[in-house]
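*Asks:* Here it is: the structure, laid out below.
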Amino acid sequence: MAPGWLQVVCLLLLGMRAAQGTTMDMQNAAAMAAGLCNTRPTDLVFIVDSSRSVRPSEFEQVKVFLAKVIEGLDVRPDATRVGVVNYASRVKNEISLKATRTKAALTKAVSKIEPLSTGTMTGLAIQFALNVAFSEAEGARVKSQGVSKVAIIVTDGRPQDNVREVAARARDAGIEIFAIGVGRVDMNTLKQMASEPLEEHTDYVESYSLIEKLTKKFQEAFCACSNSATDVVFLIDGSKSVRPENFELVKKWINQIVDKLDVAEKGAHVGLVQYSSTVRQEFPLGRFNNKKDLKEAVKKMDYMERGTMTGQALNFIVENSFTVNQGARPGVAKVGIVFTDGRSQDYIGDAARKAKENGFKMYAVGVGNAVEDELREIASEPIADHYFYTADFKAMTQIAKKLQINVCPEENPCECDSIVKFQKKVEDALQALTKKTGECDKEDRCIGEQDCLRRPHSTFPPLSSCKPQEL
């Protein structure tokens, strides 16, 4: 799709919403027009195993995977920089972070990488990345600039050197490590290298032909709205049916979700409320502006026990937690995450409805004896995206992985999501538009029953107000 054509679509979609009388605040409208959803600034280094166990045809599939991940990034000197380290018995710096270029040039450079076809010195490669690839001399940006540092390691075998200690040093230096294993890889090695939580930073595929399936995961991993300020309140059931040992698992689950948020003064603010027969605010929105202090506060939460007054608790976050007096920010997206393990002892309908009417995005998470009808009543639409249930507390980790707090404008046609999803939105919008208009203008610009645009796309005037991301 040509950028000019995408600009036309942006304007058409904005026009459709206005024509249909959809309410939208000026901030969201500006975000849609400007295409504010970008990949977050990142120094990304791929560390690729090309030892003799990796056949030439398999190495080609690895390069296709790299190219597809790169295609989903916002590659610019002030956005995402990409480097590639190739290793076997020795290490070769194939692409430096300072050589930031266009996606096309990066993809071409990746295609020219040749396998080294010797041993498997994974620890040596990580050490090289720490000392050289992520150095300022090679184009890495200083930590104070708020740029994430990420390494993606792809390997298919057992390393011939130690990885545990050097990987720990890399993580301590602020490098987030994803470990991808292929075929007969040693799974313990992946766990020794990867960042926490391990479930989100380790992946395994049976063969190199399947590695492309991981593309979407990594495209989404680097995708974040620049307008990502969000107020998130956890509403946690502390009734006696939860039991102390399971309450500890709930706290770990909260922190697993916190790990996925951009907790900062201008980013995500998190509040925590616990309830049983009464409601207790553990801490309000905005008290903690870094993950370390926030997670420590979650760990210190004491278990209340007693009853299950979910309706009362929902009413508390509506009337208290999301108010300015309790730290909520005007004009910022509001997200409520409700956890419960049983039937409410009071009526939840009015409070659940009021939360959604106030524009709060509500997630409902149930475990054990939680009543699924109540969870659905709490959850925002589409319910399938906002409602989760598991019979076992130990399976809550999987829910944390699935629960995606999306703070981008929901109907943003310029959003950084998979290309397929974006194309589907455009097609659906154009179909609706052609049904609505069905007229031709004097210059033979036709949008109607023929479902066409006769006028060449290149002749449309530039729309400086809408700058969608490159696809």
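The way I read the labels, and the way they are meant: chains A, B, ... in the order of the structure tokens, residue 1 as the first residue of every chain, and ligand 1 as the first ligand shown, with later ones counted on from there.
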Could you pull out all residues of stretch 176-309 of chain A with a DSSP call of strand (DSSP E) and give them as JSON, numbers by chain?

*Replies:* {"A": [176, 177, 178, 179, 180, 181, 182, 202, 203, 204, 205, 223, 224, 225, 230, 231, 232, 233, 234, 235, 236, 237, 268, 269, 270, 271, 272, 273, 274, 275, 279, 280, 281, 282, 283]}

*Asks:* If you keep N, CA, C and O atoms, can you produce a file of those selected residues as a compact mmCIF listing (two decimals), in the first residue's frame?

*Replies:*
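Dumped everything to part-v3.txt:
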# COMPACT_ATOMS: atom_id res chain seq x y z
N GLU A 176 17.19 -6.60 28.10
CA GLU A 176 16.11 -7.58 28.15
C GLU A 176 16.41 -8.67 27.13
O GLU A 176 16.60 -8.37 25.95
N ILE A 177 16.45 -9.92 27.58
CA ILE A 177 16.86 -11.02 26.70
C ILE A 177 15.70 -11.96 26.41
O ILE A 177 15.05 -12.49 27.32
N PHE A 178 15.43 -12.14 25.11
CA PHE A 178 14.50 -13.16 24.64
C PHE A 178 15.33 -14.32 24.08
O PHE A 178 16.27 -14.09 23.32
N ALA A 179 14.98 -15.56 24.44
CA ALA A 179 15.73 -16.72 23.98
C ALA A 179 14.80 -17.63 23.17
O ALA A 179 13.79 -18.11 23.68
N ILE A 180 15.17 -17.86 21.92
CA ILE A 180 14.39 -18.72 21.03
C ILE A 180 15.19 -19.99 20.76
O ILE A 180 16.32 -19.93 20.28
N GLY A 181 14.60 -21.13 21.07
CA GLY A 181 15.26 -22.41 20.84
C GLY A 181 14.61 -23.17 19.70
O GLY A 181 13.38 -23.14 19.54
N VAL A 182 15.42 -23.84 18.92
CA VAL A 182 14.93 -24.59 17.77
C VAL A 182 15.42 -26.04 17.87
O VAL A 182 16.57 -26.30 18.24
N THR A 202 10.97 -16.88 26.72
CA THR A 202 11.51 -18.08 26.09
C THR A 202 10.49 -18.64 25.11
O THR A 202 9.29 -18.67 25.40
N ASP A 203 10.96 -19.07 23.97
CA ASP A 203 10.11 -19.68 22.95
C ASP A 203 10.82 -20.89 22.36
O ASP A 203 12.06 -20.90 22.25
N TYR A 204 10.03 -21.88 21.96
CA TYR A 204 10.60 -23.07 21.34
C TYR A 204 9.79 -23.42 20.11
O TYR A 204 8.55 -23.39 20.12
N VAL A 205 10.49 -23.74 19.03
CA VAL A 205 9.84 -24.27 17.83
C VAL A 205 10.57 -25.55 17.43
O VAL A 205 11.78 -25.69 17.63
N CYS A 223 5.68 -2.86 20.15
CA CYS A 223 4.66 -1.90 19.74
C CYS A 223 4.05 -1.24 20.97
O CYS A 223 3.55 -1.92 21.85
N ALA A 224 4.07 0.09 21.02
CA ALA A 224 3.49 0.83 22.15
C ALA A 224 3.07 2.20 21.68
O ALA A 224 3.72 2.80 20.86
N CYS A 225 1.96 2.66 22.18
CA CYS A 225 1.50 4.00 21.80
C CYS A 225 2.37 5.05 22.47
O CYS A 225 2.69 4.95 23.64
N THR A 230 -1.93 5.72 31.01
CA THR A 230 -3.07 4.90 31.41
C THR A 230 -3.18 4.86 32.91
O THR A 230 -2.16 4.78 33.60
N ASP A 231 -4.40 4.91 33.44
CA ASP A 231 -4.65 4.70 34.86
C ASP A 231 -5.24 3.31 35.03
O ASP A 231 -6.33 3.02 34.53
N VAL A 232 -4.51 2.44 35.70
CA VAL A 232 -4.91 1.04 35.88
C VAL A 232 -5.16 0.76 37.36
O VAL A 232 -4.28 1.01 38.19
N VAL A 233 -6.34 0.24 37.69
CA VAL A 233 -6.65 -0.13 39.07
C VAL A 233 -6.97 -1.62 39.14
O VAL A 233 -7.85 -2.11 38.42
N PHE A 234 -6.24 -2.33 39.99
CA PHE A 234 -6.52 -3.73 40.27
C PHE A 234 -7.53 -3.81 41.42
O PHE A 234 -7.33 -3.17 42.46
N LEU A 235 -8.58 -4.60 41.23
CA LEU A 235 -9.58 -4.81 42.27
C LEU A 235 -9.53 -6.30 42.63
O LEU A 235 -9.97 -7.16 41.86
N ILE A 236 -8.98 -6.62 43.82
CA ILE A 236 -8.59 -7.98 44.16
C ILE A 236 -9.46 -8.56 45.27
O ILE A 236 -9.58 -7.98 46.36
N ASP A 237 -10.02 -9.72 45.00
CA ASP A 237 -10.82 -10.47 45.97
C ASP A 237 -9.89 -11.06 47.03
O ASP A 237 -9.03 -11.89 46.73
N ALA A 268 2.03 4.66 32.55
CA ALA A 268 0.99 3.98 33.30
C ALA A 268 1.10 4.27 34.79
O ALA A 268 2.19 4.20 35.37
N HIS A 269 -0.03 4.61 35.42
CA HIS A 269 -0.14 4.71 36.87
C HIS A 269 -1.00 3.55 37.34
O HIS A 269 -1.98 3.19 36.69
N VAL A 270 -0.64 2.96 38.47
CA VAL A 270 -1.33 1.77 38.96
C VAL A 270 -1.82 1.98 40.38
O VAL A 270 -1.09 2.47 41.24
N GLY A 271 -3.08 1.61 40.62
CA GLY A 271 -3.66 1.61 41.96
C GLY A 271 -4.08 0.20 42.33
O GLY A 271 -4.28 -0.65 41.45
N LEU A 272 -4.20 -0.07 43.62
CA LEU A 272 -4.57 -1.41 44.08
C LEU A 272 -5.62 -1.33 45.18
O LEU A 272 -5.45 -0.61 46.16
N VAL A 273 -6.71 -2.07 44.99
CA VAL A 273 -7.81 -2.13 45.96
C VAL A 273 -8.08 -3.60 46.27
O VAL A 273 -8.17 -4.44 45.37
N GLN A 274 -8.20 -3.93 47.56
CA GLN A 274 -8.56 -5.28 47.98
C GLN A 274 -9.93 -5.23 48.65
O GLN A 274 -10.28 -4.24 49.30
N TYR A 275 -10.69 -6.31 48.47
CA TYR A 275 -12.00 -6.33 49.10
C TYR A 275 -12.32 -7.74 49.62
O TYR A 275 -11.81 -8.74 49.16
N VAL A 279 -14.09 -2.92 51.85
CA VAL A 279 -13.18 -2.55 50.76
C VAL A 279 -12.02 -1.76 51.35
O VAL A 279 -12.22 -0.86 52.18
N ARG A 280 -10.80 -2.09 50.92
CA ARG A 280 -9.62 -1.39 51.43
C ARG A 280 -8.72 -0.98 50.26
O ARG A 280 -8.30 -1.82 49.46
N GLN A 281 -8.43 0.31 50.20
CA GLN A 281 -7.49 0.78 49.18
C GLN A 281 -6.07 0.54 49.68
O GLN A 281 -5.66 1.08 50.70
N GLU A 282 -5.32 -0.28 48.94
CA GLU A 282 -3.94 -0.57 49.33
C GLU A 282 -3.03 0.61 49.00
O GLU A 282 -2.21 1.01 49.80
N PHE A 283 -3.17 1.15 47.79
CA PHE A 283 -2.49 2.39 47.42
C PHE A 283 -3.20 2.99 46.20
O PHE A 283 -3.75 2.28 45.38

*Asks:* Identify all residues of stretch 194-322 of chain A in helix (DSSP H, G or I) (DSSP on the backbone) and supply them as JSON, numbers by chain.

*Replies:* {"A": [198, 199, 200, 201, 208, 209, 210, 211, 212, 213, 214, 215, 216, 217, 218, 219, 220, 221, 244, 245, 246, 247, 248, 249, 250, 251, 252, 253, 254, 255, 256, 257, 258, 291, 292, 293, 294, 295, 296, 297, 298, 299, 310, 311, 312, 313, 314, 315, 316, 317, 318, 319, 320, 321]}

*Asks:* I'd like the contact shell of A:Ala264 - 9 Å cut-off, only C-alpha atoms, skipping same-chain residues fewer than 2 positions apart - returned as a PDB file with all heavy atoms, in the first residue's frame.

*Replies:*
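Generated output (selection-v1.pdb):
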ATOM      1  N   ALA A 229      -0.266   6.976  28.246  1.00  0.00           N
ATOM      2  CA  ALA A 229      -0.662   7.252  29.628  1.00  0.00           C
ATOM      3  C   ALA A 229      -1.951   6.497  29.939  1.00  0.00           C
ATOM      4  O   ALA A 229      -2.934   6.595  29.214  1.00  0.00           O
ATOM      5  CB  ALA A 229      -0.851   8.752  29.822  1.00  0.00           C
ATOM      6  N   ASP A 262       4.124   0.247  31.022  1.00  0.00           N
ATOM      7  CA  ASP A 262       5.129   1.307  30.987  1.00  0.00           C
ATOM      8  C   ASP A 262       4.890   2.218  32.188  1.00  0.00           C
ATOM      9  O   ASP A 262       4.309   3.290  32.075  1.00  0.00           O
ATOM     10  CB  ASP A 262       5.008   2.087  29.667  1.00  0.00           C
ATOM     11  CG  ASP A 262       6.000   3.238  29.584  1.00  0.00           C
ATOM     12  OD1 ASP A 262       7.035   3.173  30.281  1.00  0.00           O
ATOM     13  OD2 ASP A 262       5.734   4.199  28.829  1.00  0.00           O
ATOM     14  N   LYS A 266       4.658   9.855  33.236  1.00  0.00           N
ATOM     15  CA  LYS A 266       3.800  10.187  32.093  1.00  0.00           C
ATOM     16  C   LYS A 266       3.284   8.938  31.381  1.00  0.00           C
ATOM     17  O   LYS A 266       2.712   9.043  30.303  1.00  0.00           O
ATOM     18  CB  LYS A 266       4.564  11.075  31.116  1.00  0.00           C
ATOM     19  CG  LYS A 266       4.925  12.436  31.695  1.00  0.00           C
ATOM     20  CD  LYS A 266       5.605  13.321  30.672  1.00  0.00           C
ATOM     21  CE  LYS A 266       5.935  14.688  31.255  1.00  0.00           C
ATOM     22  NZ  LYS A 266       6.617  15.561  30.280  1.00  0.00           N
ATOM     23  N   GLY A 267       3.500   7.769  31.980  1.00  0.00           N
ATOM     24  CA  GLY A 267       3.043   6.522  31.380  1.00  0.00           C
ATOM     25  C   GLY A 267       1.896   5.924  32.166  1.00  0.00           C
ATOM     26  O   GLY A 267       0.892   6.586  32.439  1.00  0.00           O
ATOM     27  N   ALA A 268       2.034   4.662  32.555  1.00  0.00           N
ATOM     28  CA  ALA A 268       0.987   3.979  33.298  1.00  0.00           C
ATOM     29  C   ALA A 268       1.095   4.268  34.792  1.00  0.00           C
ATOM     30  O   ALA A 268       2.185   4.201  35.366  1.00  0.00           O
ATOM     31  CB  ALA A 268       1.070   2.479  33.052  1.00  0.00           C
ATOM     32  N   HIS A 269      -0.033   4.613  35.415  1.00  0.00           N
ATOM     33  CA  HIS A 269      -0.144   4.714  36.865  1.00  0.00           C
ATOM     34  C   HIS A 269      -0.999   3.547  37.342  1.00  0.00           C
ATOM     35  O   HIS A 269      -1.978   3.185  36.688  1.00  0.00           O
ATOM     36  CB  HIS A 269      -0.801   6.028  37.286  1.00  0.00           C
ATOM     37  CG  HIS A 269       0.083   7.224  37.101  1.00  0.00           C
ATOM     38  ND1 HIS A 269      -0.261   8.481  37.572  1.00  0.00           N
ATOM     39  CD2 HIS A 269       1.290   7.371  36.507  1.00  0.00           C
ATOM     40  CE1 HIS A 269       0.708   9.342  37.260  1.00  0.00           C
ATOM     41  NE2 HIS A 269       1.653   8.688  36.617  1.00  0.00           N
ATOM     42  N   GLY A 286      -0.833   6.646  41.020  1.00  0.00           N
ATOM     43  CA  GLY A 286       0.218   7.655  41.000  1.00  0.00           C
ATOM     44  C   GLY A 286       1.157   7.671  42.180  1.00  0.00           C
ATOM     45  O   GLY A 286       2.110   8.447  42.195  1.00  0.00           O
ATOM     46  N   PHE A 288       3.265   5.341  43.053  1.00  0.00           N
ATOM     47  CA  PHE A 288       4.534   4.765  42.623  1.00  0.00           C
ATOM     48  C   PHE A 288       4.715   4.971  41.122  1.00  0.00           C
ATOM     49  O   PHE A 288       3.846   4.594  40.342  1.00  0.00           O
ATOM     50  CB  PHE A 288       4.587   3.268  42.945  1.00  0.00           C
ATOM     51  CG  PHE A 288       4.322   2.956  44.396  1.00  0.00           C
ATOM     52  CD1 PHE A 288       3.105   2.406  44.784  1.00  0.00           C
ATOM     53  CD2 PHE A 288       5.270   3.231  45.360  1.00  0.00           C
ATOM     54  CE1 PHE A 288       2.848   2.122  46.110  1.00  0.00           C
ATOM     55  CE2 PHE A 288       5.023   2.960  46.703  1.00  0.00           C
ATOM     56  CZ  PHE A 288       3.808   2.402  47.086  1.00  0.00           C
ATOM     57  N   ASN A 289       5.841   5.569  40.740  1.00  0.00           N
ATOM     58  CA  ASN A 289       6.101   5.842  39.328  1.00  0.00           C
ATOM     59  C   ASN A 289       7.242   5.010  38.764  1.00  0.00           C
ATOM     60  O   ASN A 289       7.817   5.345  37.733  1.00  0.00           O
ATOM     61  CB  ASN A 289       6.390   7.334  39.121  1.00  0.00           C
ATOM     62  CG  ASN A 289       5.142   8.176  39.267  1.00  0.00           C
ATOM     63  OD1 ASN A 289       4.045   7.729  38.941  1.00  0.00           O
ATOM     64  ND2 ASN A 289       5.298   9.391  39.756  1.00  0.00           N
ATOM     65  N   ASN A 290       7.574   3.916  39.462  1.00  0.00           N
ATOM     66  CA  ASN A 290       8.545   2.972  38.909  1.00  0.00           C
ATOM     67  C   ASN A 290       8.124   1.566  39.313  1.00  0.00           C
ATOM     68  O   ASN A 290       7.467   1.362  40.339  1.00  0.00           O
ATOM     69  CB  ASN A 290       9.971   3.283  39.367  1.00  0.00           C
ATOM     70  CG  ASN A 290      10.149   3.133  40.857  1.00  0.00           C
ATOM     71  OD1 ASN A 290      10.301   2.016  41.358  1.00  0.00           O
ATOM     72  ND2 ASN A 290      10.113   4.251  41.588  1.00  0.00           N
ATOM     73  N   LYS A 291       8.500   0.591  38.488  1.00  0.00           N
ATOM     74  CA  LYS A 291       8.051  -0.785  38.700  1.00  0.00           C
ATOM     75  C   LYS A 291       8.591  -1.390  39.985  1.00  0.00           C
ATOM     76  O   LYS A 291       7.896  -2.149  40.667  1.00  0.00           O
ATOM     77  CB  LYS A 291       8.457  -1.653  37.509  1.00  0.00           C
ATOM     78  CG  LYS A 291       7.694  -1.354  36.237  1.00  0.00           C
ATOM     79  CD  LYS A 291       8.099  -2.296  35.111  1.00  0.00           C
ATOM     80  CE  LYS A 291       7.400  -1.920  33.824  1.00  0.00           C
ATOM     81  NZ  LYS A 291       7.781  -2.820  32.705  1.00  0.00           N
TER      82      LYS A 291
END

*Asks:* Which one of A:Ser241, A:Ser195, A:Ser117, A:Thr278 sits closest to A:Asp172 if you count only C-alpha atoms?

*Replies:*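 Using only C-alpha atoms, the shortest distance to A:Asp172 belongs to A:Ser195.
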
*Asks:* As an exercise, work out the distance from atom CA of A:Val185 to atom CA of A:Ser53 in Å and give it to one decimal place.

*Replies:*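 Value for the atom CA of A:Val185-atom CA of A:Ser53 distance: 10.8 Å.
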
*Asks:* Just the number, please: distance in Å from atom CA of A:Val84 to atom CA of A:Thr120, one decimal.

*Replies:* 16.6 Å

*Asks:* What gap, in Å, lies between atom CA of A:Asp43 and atom CA of A:Leu124?

*Replies:* 20.0 Å

*Asks:* Which residue, A:Thr340, A:Thr390, A:Ser50, A:Thr42, has the smallest gap to A:Ser89 when you use only C-alpha atoms?

*Replies:*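 Answer, going by the shortest atom-to-atom distance: A:Ser50.
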
*Asks:* Which residues, written as a VMD selection string, have at least one atom at most 12 Å from A:Ala351, with only C-alpha atoms counted and residues fewer than 4 positions away on the same chain left out?

*Replies:* chain A and resid 309 to 319 346 to 347 355 to 358 360 362 374 377 to 379

*Asks:* I'd like to know which of A:Val110, A:Ile153, A:Ala137, A:Val335 is closest to A:Phe46, using only C-alpha atoms.

*Replies:*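 Going through A:Val110, A:Ile153, A:Ala137, A:Val335 one by one, the smallest distance to A:Phe46 is for A:Ile153.
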